[in-house]
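Visitor: Quick one: this structure, given as structure tokens, is what I'll be asking you about.
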Amino acid sequence: MTALTPPRRPPLVRRRAALAGTSYHLVSGILAAIFLVPLIWVALNSIKSPEEANQQPPTWLPKSFSVGNYRQLATYGEGIGVYLLNSAVVCVLVVAGTAVVTVLAGYGFARYEFLGKRLLFGSTLLILMVPYATILLPLYIVLGWFGLTNTVIGLALVLVMFQLPFGVFLMRNSFESIPRELEEAALVDGCSDLQALRHVSLRLVSPGIVTVALFSFIASWNEFLAPLIFLNDGERYTLPVMLVSLQSGAYGVVDYGALQAGVVLAVAPVLLVYLLLQRYYVSGLVNGALRG
């Protein structure tokens, strides 16, 4: 028996497909270059000497490589290490808190029926329509009642709250995309609901969890307004607040070299985490946020 060969497409169809593919990659390459040029420019300016980085008009390429801007950044204020550590601690708390709450809430909305379920879920999504800047003052008062103002834990709790609506929505859809029969089989084998969640469901919704974690990490790492409002001690400032202070400069004089070195340190972790988790991020959005 001879193997069946797929029918060949007409030459005109092949040319159109090739043209469409070429156009797609060309436009994508142009857009990628547009987004990369500012990052490359900042990275190059950060390794110029402090004098060259502040030179007007600016030079395109560094005449000599220097780490002077990073040295100056290391001694600014409390030191760049303190601000990086504060941002890292806040991000860890926000990512962990958001992941735990959204997984449990999403599982509850997807698997259980209770009175007021639709109303509660709709109310959670309505929070997305409220500009969060309008509720910062009430939140500041509430944190003051619990003695959590000017603390990293209080700031982390506020940022977790901001991430809950989208995270709960995505995790509920992620759990609903899993057949119930898989969990029922685990229950028949003697697992409890939490054991079935841990050993079966969590493995299948891991892309959604990574997506929620990535969103909460990027949001908390780049957040400026909430740390500015809730923190009033320079030793607890996060990196974005420090960069804005650096941008204002002493007596209106801005050190552009140190500022762009700080931008590089702020962008690098986000870019690295995104590149490492990109596959899970895309899968989580497709299977969770875009469902139903």
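We name chains A, B, ... following the order of the structure tokens; residues begin at 1 in each chain, and ligands are numbered from 1 as shown.
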Can you write out as a tab-separated table which residues of region 54-131 of chain A fall within 9 Å of region 137-153 of chain A, alongside each residue's closest atom pair and its distance in Å to one decimal, counting only C-alpha atoms and ordering rows by chain and ascending residue number?
Guide:
residue	atom	partner	partner_atom	distance
A:Asn86	CA	A:Val152	CA	7.6
A:Val89	CA	A:Val152	CA	7.8
A:Val90	CA	A:Val152	CA	6.3
A:Leu93	CA	A:Ile153	CA	7.7
Visitor: Pick out the residues sitting within 10 Å of Lys63 (chain A), and hand them over as a ChimeraX atom specification; count only C-alpha atoms, and ignore anything fewer than 3 positions along from it in its own chain.
Guide: /A:47-49,52,59-60,66
Visitor: May I have the selected residues written with C-alpha atoms, as a PDB file, in the first residue's frame?
Guide:
ATOM      1  CA  ILE A  47      27.804  52.131  32.378  1.00  0.00           C
ATOM      2  CA  LYS A  48      29.105  55.511  31.257  1.00  0.00           C
ATOM      3  CA  SER A  49      31.235  57.588  33.573  1.00  0.00           C
ATOM      4  CA  GLU A  52      29.609  61.467  30.482  1.00  0.00           C
ATOM      5  CA  THR A  59      26.573  60.711  23.639  1.00  0.00           C
ATOM      6  CA  TRP A  60      25.141  57.657  21.896  1.00  0.00           C
ATOM      7  CA  SER A  66      32.547  52.668  34.260  1.00  0.00           C
TER       8      SER A  66
END
Visitor: Here is a test: counting only C-alpha atoms, which residue of A:Glu223, A:Glu51, A:Glu183, A:Glu235 is nearest to Gly79 (chain A)?
Guide: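 Of all the options, A:Glu235 lies closest to Gly79 (chain A).
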Visitor: Using only C-alpha atoms, which of A:Cys191, A:Leu204, A:Leu239, A:Leu126 sits nearest Tyr76 (chain A)?
Guide: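 With only C-alpha atoms as the atom set, the closest residue is A:Leu239.
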Visitor: Take CA of Pro62 (chain A) and CA of Tyr83 (chain A) and report the distance between them in Å, one decimal.
Guide: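 Taking CA of Pro62 (chain A) as the start and CA of Tyr83 (chain A) as the end point, the length is 27.7 Å.
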Visitor: CA of Ala196 (chain A) and CA of Phe121 (chain A), how far apart in Å?
Guide: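 Between CA of Phe121 (chain A) and CA of Ala196 (chain A) the gap works out to 23.3 Å.
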Visitor: Going by DSSP on the backbone, which residues of region 88-246 of chain A come out as alpha helix (DSSP H)? List them as number ranges by chain.
Guide: A: 88-111, 117-126, 136-145, 152-176, 180-188, 193-196, 202-204, 206-222, 225-230, 239-246
Visitor: Looking at only C-alpha atoms, which of A:Val270, A:Leu125, A:Val82, A:Met171 is the one that sits closest to Phe109 (chain A)?
Guide: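 The answer is A:Met171, which sits nearest to Phe109 (chain A).
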Visitor: Looking at only C-alpha atoms, which of A:Ala99, A:Val37, A:Ile80, A:Leu214 is the one that sits closest to Arg279 (chain A)?
Guide: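 Looking at the shortest contact to Arg279 (chain A), the residue is A:Leu214.
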Visitor: Between A:Val210, A:Leu243, A:Leu164, A:Leu225, single out the one closest to Gln278 (chain A), counting only C-alpha atoms.
Guide: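 The closest residue to Gln278 (chain A) is A:Val210.
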Visitor: Provide the CA of Ala43 (chain A) to CA of Val263 (chain A) distance in Å, to one decimal place.
Guide: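 Separation of CA of Ala43 (chain A) and CA of Val263 (chain A): 8.5 Å.
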Visitor: Select, from A:Leu84, A:Leu31, A:Val160, A:Leu265, the residue with the minimum atom-to-atom distance to Val101 (chain A), counting only C-alpha atoms.
Guide: A:Val160
Visitor: Show me, as a list in words, the residues that have an atom within 10 Å of region 271-276 of chain A when counting only C-alpha atoms, minus same-chain residues fewer than 6 positions from it.
Guide: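 Neighbouring residues, sequence-local ones excluded: Thr211, Leu214, Phe215, Phe217 and Ile218 of chain A.
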Visitor: So that I can check the surroundings of Ala261 (chain A), please list as a PDB file with C-alpha atoms, in the first residue's frame every protein, DNA and RNA residue that reaches within 7 Å of it, counting only C-alpha atoms and ignoring chain neighbours fewer than 5 positions away.
Guide:
ATOM      1  CA  SER A  46      24.296  53.357  33.231  1.00  0.00           C
ATOM      2  CA  ASN A  69      27.029  55.297  38.619  1.00  0.00           C
ATOM      3  CA  TYR A  70      26.384  52.047  40.462  1.00  0.00           C
TER       4      TYR A  70
END
Visitor: Write out as a ChimeraX atom specification which residues come within 12 Å of Pro58 (chain A) when counting only C-alpha atoms, dropping same-chain ones fewer than 6 positions away.
Guide: /A:41-42,44-45,48,50-52,256-257
